[in-house]
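So the structure is just underneath, and the comments pick up after that.
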Amino acid sequence: MQDANLQRRLILDIPTGFLLLFFVMPLAALVTLSFWQTENYKIVHEWTLMNYGTLATERAYITFFLRSLVMAIGVSVTLVALSWPIAYFIVRYGGRYRIIFSLLLVIPFLSGEVLRLIALQGMLGPAGLVNGALIRMGAAPLRMIMYSNAASFIAFIYLYLPLVVTTIYLSLINFDFRLAHAASACGANRFRIFTEVVWPLNLSGTIVGFMLAFIPTLSASLVPRFLGGPNGTLYGMSMAQQFGESGTWALGAAMGVVLFLFSAIALAILSYGVDLRRTGFTGLGRQ
Amino acid sequence: MSNTSSYIRIDKVSRRYGAFKALDDVSLDISKEEFIAILGPSGSGKSTLLRLIAGLDRPTEGRIHFEGKDVTELAPHKRGIGMVFQEFLLFPHRTVRENLAFPLRMRNEAKAEIEERVEWVAGILSLSTMLDRYPSQLSGGQQQRVALGRGLVARPTLLLLDEPLANLDRELRQEMEIEIRRYQKQLGIPFIYVTHNQEEALSMSDRIAVINNGRLEALGERQAIYDHPQTPFVARFVGKSSKFQGVVQPDGATVRLARHDYEFALPPDKKFNPGDAVEIFVKNERFDISSKQDGGVGIPSTVVDVVLRGPFLEYVLETDRGDTVIAVKPKRNDPIPIRERVLLSWNPADCHIFKDGADDARR
Amino acid sequence: MNPNFTDSLIKWTLAVFLVVVFAFLYMPIVHILFASLSTRPNFPYPPEFNVASYIRLSTNTVYQSAFLNSLLLASCTAVLSTVLGFLATVGVLRFAGKRALIYAIFFAAPLFVAEILLGISSMALYYMLFELQGNMLTAIIANAVHCFSFCFLIMAAMLYKYDWRMNEAAIVCGASPLRSFFEVMLPITWPGIMGSLITAFVLSLNGLDVSFYLLGATPTMPSVAWGALRYGVKPELYALSSLINIVVFAMIIALLVAIRLKRKAA
């Protein structure tokens with residue numbers, strides 16, 4: 001009895017403690033720092049709301065933020081729209097090659113953001129495959145895909161597509177397609193089967209996929225820096241600069257808090273009104 | 001049963017989960033060479049009792065002894081038991097041979113001994129031809145036999161069986177019932193068999209322990225449990241029966257049904273006060289059906305349907321008050337036709353009578 | 001319209017779409033593989049087979065030390081996050097009872113916080129508490145936080161289908177709890193555990209955001225690559241990227257083949 005309780009506590013408490021120490025604590029530190037000041041690359045322990053004031057009033061930061069928000073929403077919506085047919089095809093028609101298809105999707109995701117951006121640059125850059133081919137054919141290079149928000153957009157799609165497809169795939173593969181047959185037997189046509197049975201029962205998986213693309217896009221710093229060009233600065237990139245070149249840590253921390261809050265708000269909005277029982281969620285506890 | 005002859009002794013054992021009593025003060029003595037069934041509805045605590053005996057769970061109160069030794073605190077893997085699970089739980093990554101050898105390897109037996117024991121158990125369970133297959137390549141009945149073999153191979157002190165036949169189809173189940181009972185007689189170790197299926201309990205065991213709401217409701221020879229249930233719960237749960245409400249008449253010697261125009265004499269061994277409300281249970285095969293024209297007494301009813309069940313006929317009767325009663329009779333070439341008016345009665349010695357609310361009074 | 005015709009129309013439309021998407025995902029990778037093997041990296045068609053950039057990569061001492069650092073970081077992170085993820089999975093599935101969902105959400109939470117925020121906030125914490133600039137240990141821990149959620153989810157998906165009474169079956173056969181873990185649970189669930197190890201390894205090998213803020217001057221593969229990027233893409237970077245892709249590919253194939261072989265044996 002005694003050691004069974006102890007064992008149970010250790011098994012749950014070790015990972016919980018780990019997250020509290022190294023996940024929750026740092027976030028708390030970030031929040032604290034955002035209410036302090038940095039002067040001449042030194043942190044001044046004086047409570048102030050100035051950082052948030054700066055963020056709320058300075059036009060550049062507002063622009064960066066709105067640009068990030070629009071970009072993140074656009075990227076996530078596009079990704080969900082692209083991922084559904086892919087995941088659906090693999091689950092429905094993949095047969096015994098399902099696992100191969102899904103792994104082929106995961107592999108590019110595993111080689112890391114920097115290296116994947118390098119590869120993408122090889123495609124999209126001024127001397128890349130696309131423009132190289134255009135020039136060889138005698139056409140003018142496409143300016144749109146070089147150092148612009150469009151280039152960033154393509155990069156985000158490229159980076160997070162595997163993640164979103166995999167999430168929706170995992171949702172669909174656990175979906176019992178006999179329910180679709182049952183709906184069909186009840187007289188529903190293809191469209192209604194999708195809107196009334198398949199989509200709602202995979203909504204929670206879709207939301208997770210959406211969030212997994214939304215959050216890193218909202219906070220992205222590498223992509224805009226590398227591909228965004230002069231008018232492509234995003235919030236996360238600006239935040240990274242506060243911690244790097246400008247040395248204004250406290251302001252950067254405030255930007256971090258803003259990003260975190262908006263991610264949390266997005267998650268809350270999407271989860272709100274989603275009744276887990278109506279989205280095919282079956283719970284986790286199996287005693 | 002005297003203390004000396006008890007091989008397994010379960011002494012006032014309780015198991016609480018918070019405020020919930022899964023098992024409440026259960027005592028049970030089991031002798032060597034005995035086949036005992038623990039019978040109860042789901043959630044009654046019968047599986048908890050089995051897990052306590054196995055050591056997979058610890059009692060909150062009470063002790064458990066094997067061969068006079070207190071094993072209450074002993075870890076399950078040191079108890080030297082065998083166990084067969086409802087889902088078989090064969091190791092999917094091991095062949096049949098490896099599954100059978102597993103308990104022997106865990107006991108660090110010599111290689112030659114392991115081989116010999118595996119051959120022996122495969123022999124008695126007719127598994128010799130499939131030793132190199134994997135569990136997924138076996139039928140349900142074969143998996144069942146491997147599970148049984150794995151439980152028996154290492155000469156366990158006792159074998160615990162947790163609804164082992166629940167996942168098999170009916171025909172196979174009846175076959176296995178006979179086999180399992182034969183192995184028990186052959187090996188001479190106690191089998192403790194948990195089931196919610198009273199037919200299994202009746203067909204296999206020597207004694208039956210009926211568990212309900214965590215309490216030991218009845219314990220006895222299977223015939224006695226069936227023919228002379230001591231509580232309304234046992235009367236309802238063991239065998240198939242119909243229940244009637246009745247009132248003891250002023251003379252104290254007859255019972256009159258509450259909803260039907262039928263009276264019968266109280267058996268002499270039953271003592272009730274005049275005016276007592278009673279519950280009467282009649283086993284379905286104990287009903288007498290007589291034709292209305294013959295006269296006589298009984299509950300006036302109509303035959304609604306006749307169901308053929310192998311050597312038996314099941315008459316579905318509707319009483320004139322609208323209750324449905326099922327009566328089982330041996331098959332005849334001229335069954336009573338549907339819509340026939342009949343009278344339903346029984347021999348007073350064959351029914352079980354309890355004071356109304358006796359079940360509740362015991363709590 | 002004939003429903004069979006509509007069905008196959010949907011099917012083939014989706015198939016074509018899938019091919020386009022795969023092309024989109026793989027073209028850059030294949031392109032830089034050619035570029036790394038060519039003397040004309042900008043437009044390496046027709047392909048050549050020239051390993052000069054690989055030789056330059058292997059003799060570059062910066063990449064060498066970065067490689068070793070990354071290897072150390074990734075291995076430690078993989079083991080740490082898999083062990084923690086395993087505990088979390090067992091805890092949630094077995095011991096959390098009614099609070100399973102709360103724990104599961106908490107354990108998956110790092111997934112919903114951008115990597116860069118993890119890096120920056122950890123840096124802020126260490127700086128505020130210890131005036132510490134960050135070192136290998138802090139980088140491993142912060143990476144492990146990020147990978148932990150992936151490990152938890154991967155193993156939870158695997159262990160969700162595992163029948164825990166299999167352990168009990170082993171124990172009543174006389175196996176000690178430790179032995180039942182090694183003889184029964186591990187052989188049945190190893191694909192999930194391997195998947196978790198590989199995922200954590202690869203994620204932390206390639207992650208820039210966390211290490212960038214916590215490792216200071218210690219070079220890792222992604223940070224060196226990132227540094228080199230600012231001065232224009234060089235064929236060595238293509239070679240590095242291709243190498244990593246090939247290694248990842250090989251690891252996945254090996255895992256797949258191993259699973260197949262096991263299954264065939266079973």
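We name chains A, B, ... following the order of the structure tokens; residues begin at 1 in each chain, and ligands are numbered from 1 as shown.
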**OP:** Within 6 Å of chain C, which residues of chain B are there when counting only C-alpha atoms? Please give them as an MDAnalysis selection string.
**Re:** chainID B and resid 76:77 89 103 106 134
Just the selected residues (N, CA and C atoms), exported as a CSV table (one decimal), in the first residue's frame, please.
```csv
chain,number,residue,atom,x,y,z
B,76,PRO,N,3.2,-10.6,-5.3
B,76,PRO,CA,2.5,-11.6,-6.1
B,76,PRO,C,3.4,-12.6,-6.8
B,77,HIS,N,4.6,-12.1,-7.2
B,77,HIS,CA,5.4,-13.0,-8.0
B,77,HIS,C,6.1,-14.0,-7.1
B,89,LEU,N,-4.4,-12.7,-22.1
B,89,LEU,CA,-3.1,-12.0,-21.9
B,89,LEU,C,-1.9,-12.8,-22.2
B,103,PRO,N,6.7,-18.9,-17.0
B,103,PRO,CA,6.7,-19.0,-15.5
B,103,PRO,C,7.9,-19.9,-15.0
B,106,MET,N,11.0,-17.7,-15.0
B,106,MET,CA,11.0,-16.8,-13.9
B,106,MET,C,11.3,-17.4,-12.6
B,134,TYR,N,2.8,-18.2,-32.9
B,134,TYR,CA,2.6,-17.0,-32.0
B,134,TYR,C,1.1,-17.0,-31.6
```
Hey, what does DSSP flag as strand (DSSP E or B) within stretch 21-166 of chain B? Can you give it to me as a PDB file with N, CA and C atoms, in the first residue's frame?
```
ATOM      1  N   LYS B  21     -16.652   0.214  -0.243  1.00  0.00           N
ATOM      2  CA  LYS B  21     -16.214  -1.106   0.203  1.00  0.00           C
ATOM      3  C   LYS B  21     -16.344  -2.079  -0.956  1.00  0.00           C
ATOM      4  N   ALA B  22     -15.225  -2.413  -1.590  1.00  0.00           N
ATOM      5  CA  ALA B  22     -15.294  -3.368  -2.686  1.00  0.00           C
ATOM      6  C   ALA B  22     -15.492  -4.767  -2.138  1.00  0.00           C
ATOM      7  N   LEU B  23     -14.937  -4.996  -0.957  1.00  0.00           N
ATOM      8  CA  LEU B  23     -15.040  -6.313  -0.343  1.00  0.00           C
ATOM      9  C   LEU B  23     -15.203  -6.088   1.149  1.00  0.00           C
ATOM     10  N   ASP B  24     -16.162  -6.763   1.744  1.00  0.00           N
ATOM     11  CA  ASP B  24     -16.503  -6.436   3.120  1.00  0.00           C
ATOM     12  C   ASP B  24     -16.498  -7.701   3.964  1.00  0.00           C
ATOM     13  N   ASP B  25     -15.445  -7.899   4.747  1.00  0.00           N
ATOM     14  CA  ASP B  25     -15.389  -8.944   5.762  1.00  0.00           C
ATOM     15  C   ASP B  25     -15.713 -10.325   5.177  1.00  0.00           C
ATOM     16  N   VAL B  26     -14.918 -10.756   4.249  1.00  0.00           N
ATOM     17  CA  VAL B  26     -15.151 -12.055   3.618  1.00  0.00           C
ATOM     18  C   VAL B  26     -14.198 -13.089   4.203  1.00  0.00           C
ATOM     19  N   SER B  27     -14.735 -14.212   4.635  1.00  0.00           N
ATOM     20  CA  SER B  27     -13.902 -15.322   5.103  1.00  0.00           C
ATOM     21  C   SER B  27     -14.229 -16.561   4.288  1.00  0.00           C
ATOM     22  N   LEU B  28     -13.196 -17.311   3.963  1.00  0.00           N
ATOM     23  CA  LEU B  28     -13.391 -18.454   3.072  1.00  0.00           C
ATOM     24  C   LEU B  28     -12.249 -19.421   3.321  1.00  0.00           C
ATOM     25  N   ASP B  29     -12.570 -20.683   3.528  1.00  0.00           N
ATOM     26  CA  ASP B  29     -11.525 -21.703   3.628  1.00  0.00           C
ATOM     27  C   ASP B  29     -11.628 -22.623   2.440  1.00  0.00           C
ATOM     28  N   ILE B  30     -10.506 -22.892   1.814  1.00  0.00           N
ATOM     29  CA  ILE B  30     -10.526 -23.723   0.618  1.00  0.00           C
ATOM     30  C   ILE B  30      -9.583 -24.884   0.863  1.00  0.00           C
ATOM     31  N   SER B  31     -10.079 -26.089   0.605  1.00  0.00           N
ATOM     32  CA  SER B  31      -9.208 -27.239   0.842  1.00  0.00           C
ATOM     33  C   SER B  31      -8.485 -27.602  -0.441  1.00  0.00           C
ATOM     34  N   PHE B  35     -12.556 -27.536  -6.168  1.00  0.00           N
ATOM     35  CA  PHE B  35     -12.879 -26.589  -7.236  1.00  0.00           C
ATOM     36  C   PHE B  35     -13.947 -25.669  -6.690  1.00  0.00           C
ATOM     37  N   ILE B  36     -13.567 -24.404  -6.469  1.00  0.00           N
ATOM     38  CA  ILE B  36     -14.547 -23.500  -5.882  1.00  0.00           C
ATOM     39  C   ILE B  36     -14.853 -22.377  -6.869  1.00  0.00           C
ATOM     40  N   ALA B  37     -16.121 -22.090  -7.044  1.00  0.00           N
ATOM     41  CA  ALA B  37     -16.506 -21.003  -7.939  1.00  0.00           C
ATOM     42  C   ALA B  37     -16.897 -19.800  -7.100  1.00  0.00           C
ATOM     43  N   ILE B  38     -16.434 -18.632  -7.503  1.00  0.00           N
ATOM     44  CA  ILE B  38     -16.871 -17.397  -6.859  1.00  0.00           C
ATOM     45  C   ILE B  38     -17.821 -16.729  -7.834  1.00  0.00           C
ATOM     46  N   LEU B  39     -19.080 -16.701  -7.440  1.00  0.00           N
ATOM     47  CA  LEU B  39     -20.128 -16.278  -8.361  1.00  0.00           C
ATOM     48  C   LEU B  39     -20.722 -14.963  -7.891  1.00  0.00           C
ATOM     49  N   GLU B  61      -8.088  -4.839   5.408  1.00  0.00           N
ATOM     50  CA  GLU B  61      -8.131  -5.574   6.679  1.00  0.00           C
ATOM     51  C   GLU B  61      -8.134  -7.057   6.359  1.00  0.00           C
ATOM     52  N   GLY B  62      -7.773  -7.850   7.372  1.00  0.00           N
ATOM     53  CA  GLY B  62      -7.843  -9.297   7.221  1.00  0.00           C
ATOM     54  C   GLY B  62      -6.536  -9.893   6.724  1.00  0.00           C
ATOM     55  N   ARG B  63      -6.452 -11.229   6.816  1.00  0.00           N
ATOM     56  CA  ARG B  63      -5.216 -11.923   6.426  1.00  0.00           C
ATOM     57  C   ARG B  63      -5.546 -13.001   5.405  1.00  0.00           C
ATOM     58  N   ILE B  64      -4.543 -13.385   4.636  1.00  0.00           N
ATOM     59  CA  ILE B  64      -4.685 -14.491   3.699  1.00  0.00           C
ATOM     60  C   ILE B  64      -3.552 -15.480   3.983  1.00  0.00           C
ATOM     61  N   HIS B  65      -3.914 -16.762   4.124  1.00  0.00           N
ATOM     62  CA  HIS B  65      -2.907 -17.793   4.398  1.00  0.00           C
ATOM     63  C   HIS B  65      -2.904 -18.821   3.284  1.00  0.00           C
ATOM     64  N   PHE B  66      -1.699 -19.227   2.863  1.00  0.00           N
ATOM     65  CA  PHE B  66      -1.552 -20.380   1.973  1.00  0.00           C
ATOM     66  C   PHE B  66      -0.863 -21.460   2.790  1.00  0.00           C
ATOM     67  N   LYS B  69       0.684 -20.542   5.942  1.00  0.00           N
ATOM     68  CA  LYS B  69       1.648 -19.440   5.952  1.00  0.00           C
ATOM     69  C   LYS B  69       0.930 -18.140   5.585  1.00  0.00           C
ATOM     70  N   ASP B  70       1.224 -17.090   6.373  1.00  0.00           N
ATOM     71  CA  ASP B  70       0.582 -15.804   6.095  1.00  0.00           C
ATOM     72  C   ASP B  70       1.240 -15.165   4.871  1.00  0.00           C
ATOM     73  N   GLY B  82      -0.813 -19.767 -10.075  1.00  0.00           N
ATOM     74  CA  GLY B  82      -1.051 -19.649 -11.505  1.00  0.00           C
ATOM     75  C   GLY B  82      -2.333 -18.864 -11.678  1.00  0.00           C
ATOM     76  N   MET B  83      -2.418 -18.129 -12.805  1.00  0.00           N
ATOM     77  CA  MET B  83      -3.634 -17.345 -12.993  1.00  0.00           C
ATOM     78  C   MET B  83      -3.991 -17.322 -14.468  1.00  0.00           C
ATOM     79  N   VAL B  84      -5.274 -17.428 -14.753  1.00  0.00           N
ATOM     80  CA  VAL B  84      -5.768 -17.372 -16.131  1.00  0.00           C
ATOM     81  C   VAL B  84      -6.730 -16.199 -16.234  1.00  0.00           C
ATOM     82  N   LEU B 159      -4.668 -22.479  -8.702  1.00  0.00           N
ATOM     83  CA  LEU B 159      -4.906 -21.801  -9.970  1.00  0.00           C
ATOM     84  C   LEU B 159      -6.096 -20.870  -9.817  1.00  0.00           C
ATOM     85  N   LEU B 160      -5.875 -19.603 -10.195  1.00  0.00           N
ATOM     86  CA  LEU B 160      -6.957 -18.625 -10.164  1.00  0.00           C
ATOM     87  C   LEU B 160      -7.447 -18.419 -11.579  1.00  0.00           C
ATOM     88  N   LEU B 161      -8.749 -18.468 -11.766  1.00  0.00           N
ATOM     89  CA  LEU B 161      -9.297 -18.282 -13.112  1.00  0.00           C
ATOM     90  C   LEU B 161     -10.299 -17.140 -13.083  1.00  0.00           C
ATOM     91  N   ASP B 162     -10.004 -16.097 -13.865  1.00  0.00           N
ATOM     92  CA  ASP B 162     -10.839 -14.899 -13.857  1.00  0.00           C
ATOM     93  C   ASP B 162     -11.717 -14.893 -15.117  1.00  0.00           C
TER      94      ASP B 162
END
```
**OP:** Would you mind listing what lies within 9 Å of B:Glu221 as an MDAnalysis selection string, with only C-alpha atoms counted and same-chain residues fewer than 4 positions away left out?
**Re:** chainID B and resid 205:209 225:226
**OP:** For B:Val71, please output as an MDAnalysis selection string all residues within 12 Å (counting only C-alpha atoms; exclusion window: fewer than 6 positions along the same chain).
**Re:** chainID B and resid 8:11 52:55 58:59 62:65 77:81
Subject >> Selection: 10 Å around stretch 311-324 of chain B, only C-alpha atoms, excl. self and same-chain fewer than 4 positions, as a PyMOL selection string >> reply: chain B and resi 242+259-261+284-285+289+299-307+328-332+335-344
Original post:
What residues in chain A have any atom no more than 7 Å from chain C when counting only C-alpha atoms, and can you write them as a ChimeraX atom specification?
Top reply: /A:8,11-12,15,19,22-23,26-27,29-30,85-86,89,107-108,110-115,119-120,122-123,127-129,132,158,212,215-216,219,256,260,284-287
Go ahead and dump the residues you just picked, N, CA and C atoms, as a short mmCIF file (atom, residue, chain, number, x, y, z; two decimals), in the first residue's frame.
```cif
data_model
loop_
_atom_site.label_atom_id
_atom_site.label_comp_id
_atom_site.auth_asym_id
_atom_site.auth_seq_id
_atom_site.Cartn_x
_atom_site.Cartn_y
_atom_site.Cartn_z
N ARG A 8 3.30 5.78 -7.24
CA ARG A 8 2.34 6.54 -8.05
C ARG A 8 2.70 8.01 -7.99
N ILE A 11 5.89 8.81 -10.03
CA ILE A 11 5.72 8.71 -11.48
C ILE A 11 5.06 9.96 -12.04
N LEU A 12 4.10 10.52 -11.33
CA LEU A 12 3.47 11.73 -11.84
C LEU A 12 4.22 12.99 -11.40
N PRO A 15 7.77 14.22 -13.66
CA PRO A 15 7.57 15.09 -14.84
C PRO A 15 6.85 16.39 -14.51
N LEU A 19 8.41 20.11 -15.28
CA LEU A 19 7.75 21.17 -16.06
C LEU A 19 7.58 22.44 -15.24
N PHE A 22 11.15 24.06 -15.07
CA PHE A 22 11.84 24.49 -16.29
C PHE A 22 10.91 24.96 -17.39
N PHE A 23 9.62 24.97 -17.11
CA PHE A 23 8.66 25.47 -18.10
C PHE A 23 7.84 26.62 -17.50
N PRO A 26 10.36 29.58 -15.92
CA PRO A 26 10.90 30.51 -16.91
C PRO A 26 9.84 31.47 -17.44
N LEU A 27 8.63 30.95 -17.66
CA LEU A 27 7.57 31.83 -18.15
C LEU A 27 7.26 32.90 -17.11
N ALA A 29 9.37 34.02 -14.98
CA ALA A 29 10.51 34.95 -15.03
C ALA A 29 10.34 35.94 -16.17
N LEU A 30 9.85 35.44 -17.28
CA LEU A 30 9.64 36.31 -18.44
C LEU A 30 8.62 37.40 -18.11
N PRO A 85 -7.43 17.31 -47.21
CA PRO A 85 -7.48 16.34 -48.32
C PRO A 85 -6.33 15.35 -48.31
N ILE A 86 -5.15 15.82 -47.90
CA ILE A 86 -4.00 14.91 -47.88
C ILE A 86 -4.22 13.81 -46.85
N PHE A 89 -6.98 11.46 -47.88
CA PHE A 89 -6.58 10.50 -48.90
C PHE A 89 -5.75 9.37 -48.29
N ILE A 107 9.30 13.01 -42.48
CA ILE A 107 10.75 13.09 -42.65
C ILE A 107 11.25 14.51 -42.93
N PRO A 108 10.64 15.25 -43.86
CA PRO A 108 11.15 16.61 -44.09
C PRO A 108 11.03 17.48 -42.85
N LEU A 110 11.53 16.59 -39.90
CA LEU A 110 12.53 16.25 -38.91
C LEU A 110 13.89 16.88 -39.17
N SER A 111 14.10 17.43 -40.37
CA SER A 111 15.46 17.92 -40.62
C SER A 111 15.66 19.37 -40.17
N GLY A 112 14.72 19.93 -39.45
CA GLY A 112 15.01 21.17 -38.77
C GLY A 112 14.76 22.42 -39.58
N GLU A 113 14.42 23.48 -38.85
CA GLU A 113 13.98 24.69 -39.50
C GLU A 113 15.09 25.32 -40.33
N VAL A 114 16.28 25.44 -39.76
CA VAL A 114 17.35 26.15 -40.46
C VAL A 114 17.69 25.45 -41.77
N LEU A 115 17.87 24.12 -41.67
CA LEU A 115 18.27 23.39 -42.86
C LEU A 115 17.16 23.39 -43.90
N ALA A 119 17.24 24.82 -47.71
CA ALA A 119 16.76 24.10 -48.89
C ALA A 119 15.75 24.95 -49.67
N LEU A 120 14.87 25.62 -48.93
CA LEU A 120 13.86 26.43 -49.59
C LEU A 120 14.49 27.62 -50.30
N GLY A 122 17.28 27.58 -51.60
CA GLY A 122 17.81 27.03 -52.84
C GLY A 122 16.77 27.00 -53.94
N MET A 123 15.51 26.91 -53.53
CA MET A 123 14.43 26.91 -54.53
C MET A 123 14.02 28.33 -54.92
N ALA A 127 19.01 33.19 -56.92
CA ALA A 127 19.76 32.27 -57.76
C ALA A 127 19.23 30.85 -57.63
N GLY A 128 18.00 30.74 -57.10
CA GLY A 128 17.46 29.42 -56.83
C GLY A 128 16.90 28.72 -58.05
N LEU A 129 16.32 27.56 -57.81
CA LEU A 129 15.86 26.71 -58.90
C LEU A 129 14.78 27.40 -59.74
N GLY A 132 16.22 30.52 -61.41
CA GLY A 132 17.26 30.05 -62.32
C GLY A 132 16.64 29.48 -63.59
N TYR A 158 5.61 25.54 -46.06
CA TYR A 158 6.58 24.46 -46.25
C TYR A 158 7.02 23.88 -44.90
N LEU A 212 -0.92 24.21 -33.77
CA LEU A 212 0.49 23.84 -33.90
C LEU A 212 1.16 24.61 -35.04
N ILE A 215 0.88 28.93 -33.60
CA ILE A 215 1.76 29.42 -32.55
C ILE A 215 3.18 29.70 -33.05
N PRO A 216 3.84 28.75 -33.70
CA PRO A 216 5.19 29.09 -34.17
C PRO A 216 5.19 30.18 -35.25
N SER A 219 5.05 33.57 -33.58
CA SER A 219 6.28 33.95 -32.90
C SER A 219 7.51 33.83 -33.79
N GLY A 256 7.39 38.94 -25.64
CA GLY A 256 7.19 37.51 -25.41
C GLY A 256 5.87 37.25 -24.70
N PHE A 260 2.75 35.13 -26.01
CA PHE A 260 2.22 34.01 -25.22
C PHE A 260 0.74 34.20 -24.96
N LEU A 284 -9.09 10.16 -21.61
CA LEU A 284 -7.77 9.54 -21.51
C LEU A 284 -7.69 8.48 -20.42
N GLY A 285 -8.44 8.70 -19.34
CA GLY A 285 -8.29 7.80 -18.20
C GLY A 285 -8.74 6.40 -18.54
N ARG A 286 -7.86 5.46 -18.30
CA ARG A 286 -8.26 4.07 -18.49
C ARG A 286 -7.84 3.35 -17.23
N GLN A 287 -8.76 3.21 -16.31
CA GLN A 287 -8.34 2.58 -15.05
C GLN A 287 -8.62 1.10 -15.10
#
```
